[in-house]
>>> print(open('model.cif').read())   # mmCIF, C-alpha atoms and all ligand atoms
data_model
#
loop_
_atom_site.label_atom_id
_atom_site.label_comp_id
_atom_site.auth_asym_id
_atom_site.auth_seq_id
_atom_site.Cartn_x
_atom_site.Cartn_y
_atom_site.Cartn_z
CA MET A 103 -172.18 35.84 133.73
CA LEU A 104 -171.47 32.83 131.50
CA SER A 105 -167.90 32.23 130.41
CA TYR A 106 -166.49 30.34 127.44
CA GLY A 107 -165.68 27.53 129.90
CA ASP A 108 -169.29 27.35 131.15
CA LEU A 109 -170.55 27.14 127.57
CA ARG A 110 -168.02 24.45 126.63
CA LEU A 111 -168.85 22.39 129.70
CA GLY A 112 -172.49 22.29 128.65
CA LEU A 113 -172.02 21.89 124.91
CA ASP A 114 -169.45 19.09 125.29
CA GLU A 115 -172.14 16.99 126.97
CA LEU A 116 -173.95 16.87 123.63
CA ASP A 117 -171.06 14.84 122.20
CA LEU A 118 -171.03 16.50 118.77
CA LYS A 119 -167.26 16.96 118.60
CA ASN A 120 -166.95 14.89 115.43
CA SER A 121 -170.35 15.68 113.91
CA PRO A 122 -171.37 18.17 111.26
CA VAL A 123 -173.97 20.52 112.70
CA ILE A 124 -176.46 23.13 111.54
CA ALA A 125 -177.15 25.56 114.38
CA HIS A 126 -179.74 28.19 115.22
CA ALA A 127 -179.12 30.49 118.16
CA SER A 128 -180.54 33.21 120.35
CA LEU A 129 -177.69 34.86 122.28
CA ASN A 130 -180.10 36.65 124.62
CA SER A 131 -181.73 33.41 125.72
CA PHE A 132 -178.48 32.46 127.54
CA GLY A 133 -178.55 35.48 129.86
CA ASN A 134 -175.25 37.36 130.18
CA VAL A 135 -172.42 35.83 128.16
CA ASP A 136 -168.94 37.24 128.77
CA GLY A 137 -167.82 38.41 125.31
CA GLY A 138 -171.29 37.99 123.78
CA ALA A 139 -171.80 36.42 120.36
CA GLN A 140 -168.05 35.95 119.77
CA THR A 141 -167.76 33.79 122.88
CA LEU A 142 -170.88 31.75 122.16
CA LEU A 143 -169.79 31.18 118.56
CA ARG A 144 -166.26 30.16 119.62
CA ALA A 145 -167.68 27.70 122.16
CA VAL A 146 -169.99 26.18 119.55
CA LEU A 147 -167.20 25.95 116.95
CA ASP A 148 -164.97 24.19 119.46
CA SER A 149 -167.73 21.72 120.39
CA VAL A 150 -168.71 20.49 116.92
CA GLY A 151 -166.97 19.02 113.88
CA VAL A 152 -168.47 21.30 111.23
CA LEU A 153 -170.69 24.34 111.71
CA VAL A 154 -173.29 25.67 109.27
CA MET A 155 -175.79 28.45 109.99
CA PRO A 156 -178.40 30.11 107.77
CA THR A 157 -177.55 33.73 106.85
CA PHE A 158 -180.77 34.51 105.00
CA THR A 159 -181.34 37.93 103.41
CA TYR A 160 -185.02 38.72 102.91
CA LYS A 161 -184.42 42.33 101.94
CA THR A 162 -183.36 41.20 98.46
CA MET A 163 -186.87 39.94 97.71
CA ILE A 164 -188.98 41.38 94.91
CA THR A 165 -192.72 40.79 94.40
CA PRO A 166 -193.66 40.71 90.71
CA GLU A 167 -196.94 41.89 89.20
CA VAL A 168 -197.85 38.35 88.14
CA GLY A 169 -196.55 34.83 88.71
CA PRO A 170 -197.52 31.19 89.23
CA PRO A 171 -200.90 30.50 90.89
CA ASN A 172 -201.33 29.46 94.54
CA ASN A 173 -197.85 30.72 95.40
CA GLY A 174 -198.60 32.03 98.90
CA LEU A 175 -197.99 35.58 97.73
CA THR A 176 -200.07 38.66 96.82
CA TYR A 177 -198.73 39.75 93.44
CA GLY A 178 -198.34 43.42 92.68
CA GLY A 179 -198.71 44.08 96.39
CA ASP A 180 -196.48 46.56 98.16
CA GLN A 181 -194.43 48.38 95.51
CA ASN A 182 -192.66 50.32 98.27
CA LEU A 183 -191.05 47.06 99.41
CA ASN A 184 -189.79 46.43 95.88
CA PHE A 185 -188.40 49.95 95.83
CA MET A 186 -186.57 49.29 99.11
CA ALA A 187 -185.17 45.90 98.04
CA GLU A 188 -181.37 45.70 97.97
CA PRO A 189 -179.27 43.59 95.59
CA PHE A 190 -177.62 40.57 97.21
CA THR A 191 -173.87 40.58 97.63
CA LEU A 192 -171.72 38.19 99.65
CA ASN A 193 -171.03 41.03 102.08
CA MET A 194 -174.70 41.70 102.80
CA PRO A 195 -175.39 41.20 106.52
CA CYS A 196 -177.91 38.47 107.26
CA ASP A 197 -181.42 39.46 108.28
CA LYS A 198 -181.62 40.82 111.84
CA MET A 199 -184.25 38.23 112.75
CA MET A 200 -181.63 35.49 112.20
CA GLY A 201 -179.87 36.83 115.30
CA ILE A 202 -176.35 38.10 115.90
CA VAL A 203 -174.63 34.69 116.03
CA PRO A 204 -174.89 33.76 112.30
CA GLU A 205 -173.86 37.31 111.42
CA THR A 206 -170.81 36.89 113.66
CA LEU A 207 -170.05 33.56 111.96
CA ARG A 208 -170.39 35.11 108.50
CA ARG A 209 -167.85 37.79 109.41
CA LEU A 210 -165.15 35.36 110.59
CA PRO A 211 -162.24 35.46 108.11
CA SER A 212 -162.24 31.65 107.89
CA ALA A 213 -165.99 31.40 107.17
CA LYS A 214 -167.40 30.66 103.72
CA ARG A 215 -170.83 31.83 102.58
CA THR A 216 -172.97 30.55 99.73
CA ASN A 217 -174.34 32.95 97.12
CA HIS A 218 -178.07 32.19 97.13
CA PRO A 219 -179.63 35.68 97.07
CA ILE A 220 -182.28 34.86 99.72
CA GLN A 221 -181.23 31.65 101.47
CA SER A 222 -177.45 31.76 101.84
CA PHE A 223 -175.62 29.69 104.45
CA ALA A 224 -172.30 30.40 106.17
CA GLY A 225 -170.02 27.75 107.58
CA ILE A 226 -166.66 26.75 108.96
CA ARG A 227 -164.96 23.51 107.81
CA ALA A 228 -168.19 23.13 105.83
CA ASP A 229 -167.18 23.64 102.19
CA LYS A 230 -168.47 20.32 100.87
CA PHE A 231 -171.84 20.82 102.58
CA LEU A 232 -172.20 24.42 101.42
CA ALA A 233 -171.40 23.26 97.87
CA ALA A 234 -174.57 21.13 97.90
CA GLN A 235 -176.75 24.23 97.68
CA THR A 236 -178.05 25.13 94.23
CA LEU A 237 -180.67 27.60 93.05
CA GLN A 238 -182.98 24.61 92.41
CA ASN A 239 -182.22 23.03 95.79
CA PRO A 240 -181.70 25.96 98.18
CA LEU A 241 -181.63 23.74 101.28
CA GLY A 242 -179.27 21.19 99.68
CA ALA A 243 -176.63 21.87 102.36
CA ILE A 244 -179.02 20.44 104.95
CA GLY A 245 -179.53 17.30 102.87
CA ALA A 246 -175.75 16.87 102.62
CA LEU A 247 -175.37 17.33 106.38
CA ALA A 248 -177.99 14.63 106.96
CA GLU A 249 -176.16 12.24 104.60
CA ALA A 250 -173.06 12.72 106.76
CA ASN A 251 -175.04 11.92 109.93
CA GLY A 252 -175.32 15.59 110.85
CA TRP A 253 -177.23 17.16 113.69
CA VAL A 254 -179.42 20.21 114.31
CA LEU A 255 -178.40 22.30 117.29
CA LEU A 256 -181.04 24.62 118.77
CA LEU A 257 -179.30 27.08 121.09
CA GLY A 258 -182.05 28.70 123.15
CA VAL A 259 -184.53 28.62 120.27
CA ASP A 260 -187.41 26.30 119.41
CA HIS A 261 -188.41 24.45 116.24
CA THR A 262 -190.08 27.52 114.72
CA VAL A 263 -186.58 28.46 113.48
CA ASN A 264 -185.52 24.90 112.65
CA THR A 265 -184.86 25.29 108.90
CA SER A 266 -184.13 21.58 108.55
CA ILE A 267 -187.84 20.83 109.04
CA HIS A 268 -188.38 22.67 105.74
CA PHE A 269 -186.08 20.22 103.98
CA ALA A 270 -188.07 17.32 105.45
CA GLU A 271 -191.32 18.97 104.30
CA LYS A 272 -189.95 18.98 100.78
CA LEU A 273 -188.93 15.31 101.08
CA ALA A 274 -192.47 14.56 102.24
CA GLY A 275 -193.78 16.10 99.01
CA ARG A 276 -195.15 19.29 100.52
CA LYS A 277 -195.76 22.23 98.21
CA GLN A 278 -192.81 24.60 97.71
CA PHE A 279 -192.95 28.19 96.51
CA THR A 280 -191.29 30.50 94.00
CA ARG A 281 -189.75 33.78 95.07
CA TRP A 282 -187.69 36.46 93.31
CA ALA A 283 -184.57 38.24 94.43
CA LEU A 284 -182.55 41.22 93.31
CA THR A 285 -178.88 40.76 92.45
CA PRO A 286 -176.46 43.43 91.15
CA THR A 287 -177.19 42.34 87.58
CA SER A 288 -180.75 41.02 87.43
CA ILE A 289 -183.83 39.69 89.16
CA ILE A 290 -183.43 35.96 89.78
CA GLU A 291 -186.29 33.48 90.10
CA CYS A 292 -185.72 31.32 93.19
CA PRO A 293 -187.65 28.01 93.18
CA GLY A 294 -187.97 25.67 96.15
CA PHE A 295 -188.75 28.44 98.61
CA PRO A 296 -190.19 26.83 101.75
CA GLY A 297 -193.44 27.48 103.56
CA ASP A 298 -194.09 29.09 106.92
CA SER A 299 -192.35 27.70 110.02
CA SER A 300 -194.42 29.24 112.80
CA GLY A 301 -196.29 25.95 113.39
CA PHE A 302 -193.13 23.81 113.61
CA ASP A 303 -193.00 23.51 117.40
CA ALA A 304 -195.80 20.93 117.07
CA ILE A 305 -193.04 18.46 116.20
CA ALA A 306 -191.56 18.69 119.73
CA PRO A 307 -193.64 15.90 121.36
CA ASP A 308 -192.92 13.53 118.43
CA ILE A 309 -189.15 13.77 118.87
CA GLU A 310 -188.99 14.16 122.64
CA ASN A 311 -187.22 10.83 123.18
CA GLU A 312 -184.70 11.50 120.40
CA VAL A 313 -183.47 14.89 121.59
CA ARG A 314 -180.27 15.48 123.57
CA ARG A 315 -181.05 18.30 125.98
CA ILE A 316 -178.94 20.44 128.27
CA GLN A 317 -179.46 23.65 130.21
CA VAL A 318 -176.71 26.27 129.78
CA GLY A 319 -177.27 29.45 131.77
CA ASP A 320 -180.87 30.44 131.04
CA ALA A 321 -180.96 28.62 127.71
CA LEU A 322 -182.29 25.21 126.83
CA VAL A 323 -179.97 23.68 124.23
CA GLN A 324 -181.29 20.79 122.13
CA ALA A 325 -179.63 18.56 119.57
CA ILE A 326 -181.33 16.09 117.25
CA SER A 327 -180.01 13.91 114.46
CA LEU A 328 -181.10 15.21 111.05
CA LYS A 329 -181.93 11.72 109.76
CA ILE A 330 -184.21 11.06 112.71
CA LEU A 331 -185.80 14.51 112.41
CA PHE A 332 -186.47 13.95 108.70
CA SER A 333 -188.01 10.56 109.30
CA VAL A 334 -190.31 11.83 112.08
CA VAL A 335 -191.42 14.89 110.05
CA ILE A 336 -192.06 12.81 106.92
CA GLN A 337 -194.12 10.27 108.89
CA LYS A 338 -196.13 13.07 110.49
CA ILE A 339 -196.92 14.75 107.16
CA LYS A 340 -197.75 11.43 105.45
CA LYS A 341 -200.20 10.74 108.27
CA ASP A 342 -201.67 14.27 108.22
CA PRO A 343 -200.83 16.35 105.13
CA LEU A 344 -201.76 19.50 107.08
CA ALA A 345 -199.41 18.77 110.00
CA LEU A 346 -197.06 21.54 111.22
CA LEU A 347 -199.00 24.33 109.46
CA CYS A 348 -199.81 27.41 111.54
CA GLN A 349 -203.35 28.36 112.48
CA ARG A 350 -203.23 32.04 111.47
CA ASP A 351 -205.96 32.76 108.93
CA ASP A 352 -203.81 35.45 107.26
CA CYS A 353 -200.84 33.15 106.62
CA GLU A 354 -200.60 33.01 102.82
CA ARG A 355 -198.14 30.12 102.59
CA CYS A 356 -199.95 27.82 105.04
CA MET A 357 -203.23 28.59 103.22
CA ALA A 358 -201.56 27.76 99.89
CA VAL A 359 -200.39 24.39 101.29
CA ARG A 360 -203.95 23.69 102.50
CA GLU A 361 -205.30 24.57 99.07
CA ALA A 362 -202.74 22.28 97.39
CA VAL A 363 -203.76 19.42 99.68
CA LEU A 364 -207.52 19.92 99.87
CA GLY A 365 -208.08 21.46 96.41
ZN ZN B 1 -198.44 29.77 108.55
#
>>> encode(input="model.cif", output="structure tokens", more="lines below")
Ligand SMILES: [Zn+2]
Amino acid sequence: MLSYGDLRLGLDELDLKNSPVIAHASLNSFGNVDGGAQTLLRAVLDSVGVLVMPTFTYKTMITPEVGPPNNGLTYGGDQNLNFMAEPFTLNMPCDKMMGIVPETLRRLPSAKRTNHPIQSFAGIRADKFLAAQTLQNPLGAIGALAEANGWVLLLGVDHTVNTSIHFAEKLAGRKQFTRWALTPTSIIECPGFPGDSSGFDAIAPDIENEVRRIQVGDALVQAISLKILFSVVIQKIKKDPLALLCQRDDCERCMAVREAVLG
């Protein structure tokens, strides 16, 4: 059973006490944690300067009948999904696939959350970073964290959930998408929606020497500077415009990126 003290002992080795951090976490990957997500979150908060986590809400998404071409989306597809879509509110829990830790962060009384209807972020001591998100620039908070020499913290997860790689893709000029989300008053068009991340672990060998790594319980915890991550991802995509795409032949967004590159 891992205690708060065990977690702190490990996390302090990463030396992020004064750094702004965006974190992604799998509680289960640690094994048994005494006090669960609350304990892990408290240990992370006490080991970093600023904490931001994505609290995305995909159940707000609406698929229209028509829209821009090559958008990695089948228009007029599953009308049942549209029927089941829920309007975004600040109290909407984040998607279950984000894990329990960001949801626990979002619920802290001192946490702030942004109001993007699909790609909201929650944070503590993070107001100026959260304020960098706009509808046009949904991952702006990550850019602001990088400017402030921020870090990505992967707590028992790999790069397939590393949202910051999406921001670097955009910087590298990779195609972005348009999506639509339900709010209590209207359907909002959301530009700058990123591609698919299931091929992102291919970045691991390129950044191996730049990553701070520790083992905490059963979990591998990795930290990498955002600026370094951006620079490595941009170089990789400039060298191979199809880098970091997945190989599934039914992946609409990766196919749309290929089409944008190859014509
Ligand atoms: Zn894909």
>>> atom_distance(input="model.cif", atom1="atom CA of Ser128 of chain A", atom2="atom CA of Leu273 of chain A")
27.6 Å
>>> residues_around(input="model.cif", residues="segment 218-233 of chain A", least_positions_apart="2", cutoff="10 Å", atoms="all atoms listed in the file", output="number ranges by chain")
A: 122-124, 147, 151-163, 189-192, 194, 196-197, 204-205, 207-216, 235-237, 240-250, 281-285, 289-292, 295
>>> residues_around(input="model.cif", residues="Thr141 of chain A", least_positions_apart="4", cutoff="12 Å", atoms="only C-alpha atoms", output="JSON, numbers by chain")
{"A": [103, 104, 105, 106, 107, 108, 109, 110, 129, 132, 134, 135, 136, 137, 145, 146, 147, 148, 202, 203, 206, 207]}
>>> closest_residue(input="model.cif", among="A:Gly178, A:Pro293, A:Pro343, A:Gly301", to="ligand ZN 1 (chain B)", atoms="only C-alpha atoms and all ligand atoms")
A:Gly301
>>> residues_near_ligand(input="model.cif", ligand="ligand ZN 1 (chain B)", cutoff="12 Å", atoms="all atoms listed in the file", output="PyMOL selection string")
chain A and resi 174+262+296-302+344-360
>>> atom_distance(input="model.cif", atom1="atom CA of Ala274 of chain A", atom2="atom CA of Asp117 of chain A")
29.3 Å
>>> atom_distance(input="model.cif", atom1="atom CA of Arg315 of chain A", atom2="atom CA of Leu116 of chain A")
7.6 Å
>>> closest_residue(input="model.cif", among="A:Lys338, A:His126, A:Arg144, A:Arg276", to="Val263 of chain A", atoms="only C-alpha atoms")
A:His126
>>> closest_residue(input="model.cif", among="A:Gly275, A:Pro195, A:Pro170, A:Gly319", to="Leu111 of chain A", atoms="only C-alpha atoms")
A:Gly319
>>> residues_around(input="model.cif", residues="Ala321 of chain A", least_positions_apart="6", cutoff="10 Å", atoms="all atoms listed in the file", output="PyMOL selection string")
chain A and resi 127-133+256-259
>>> residues_around(input="model.cif", residues="Gln181 of chain A", least_positions_apart="2", cutoff="10 Å", atoms="only C-alpha atoms", output="list in words")
Ile164, Thr165, Pro166, Glu167, Tyr177, Gly178, Gly179, Leu183, Asn184, Phe185, Met186 and Ala187 of chain A
>>> residues_around(input="model.cif", residues="segment 324-327 of chain A", least_positions_apart="3", cutoff="6 Å", atoms="only C-alpha atoms", output="list in words")
Trp253, Val254, Leu255, Leu256, Val313, Arg314, Arg315 and Ile330 of chain A
>>> write_last_selection(input="model.cif", atoms="C-alpha atoms", output="PDB file, in the frame of the given file")
ATOM      1  CA  TRP A 253    -177.230  17.160 113.690  1.00  0.00           C
ATOM      2  CA  VAL A 254    -179.420  20.210 114.310  1.00  0.00           C
ATOM      3  CA  LEU A 255    -178.400  22.300 117.290  1.00  0.00           C
ATOM      4  CA  LEU A 256    -181.040  24.620 118.770  1.00  0.00           C
ATOM      5  CA  VAL A 313    -183.470  14.890 121.590  1.00  0.00           C
ATOM      6  CA  ARG A 314    -180.270  15.480 123.570  1.00  0.00           C
ATOM      7  CA  ARG A 315    -181.050  18.300 125.980  1.00  0.00           C
ATOM      8  CA  ILE A 330    -184.210  11.060 112.710  1.00  0.00           C
TER       9      ILE A 330
END
>>> closest_residue(input="model.cif", among="A:Asp180, A:Glu361, A:Asp342, A:Asp303", to="Thr265 of chain A", atoms="all atoms listed in the file")
A:Asp303
>>> closest_residue(input="model.cif", among="A:Ala234, A:Ile309, A:Ala125, A:Val150", to="Phe332 of chain A", atoms="all atoms listed in the file")
A:Ile309
>>> closest_residue(input="model.cif", among="A:Gly138, A:Gly252, A:Gly294, A:Gly112", to="Thr280 of chain A", atoms="all atoms listed in the file")
A:Gly294
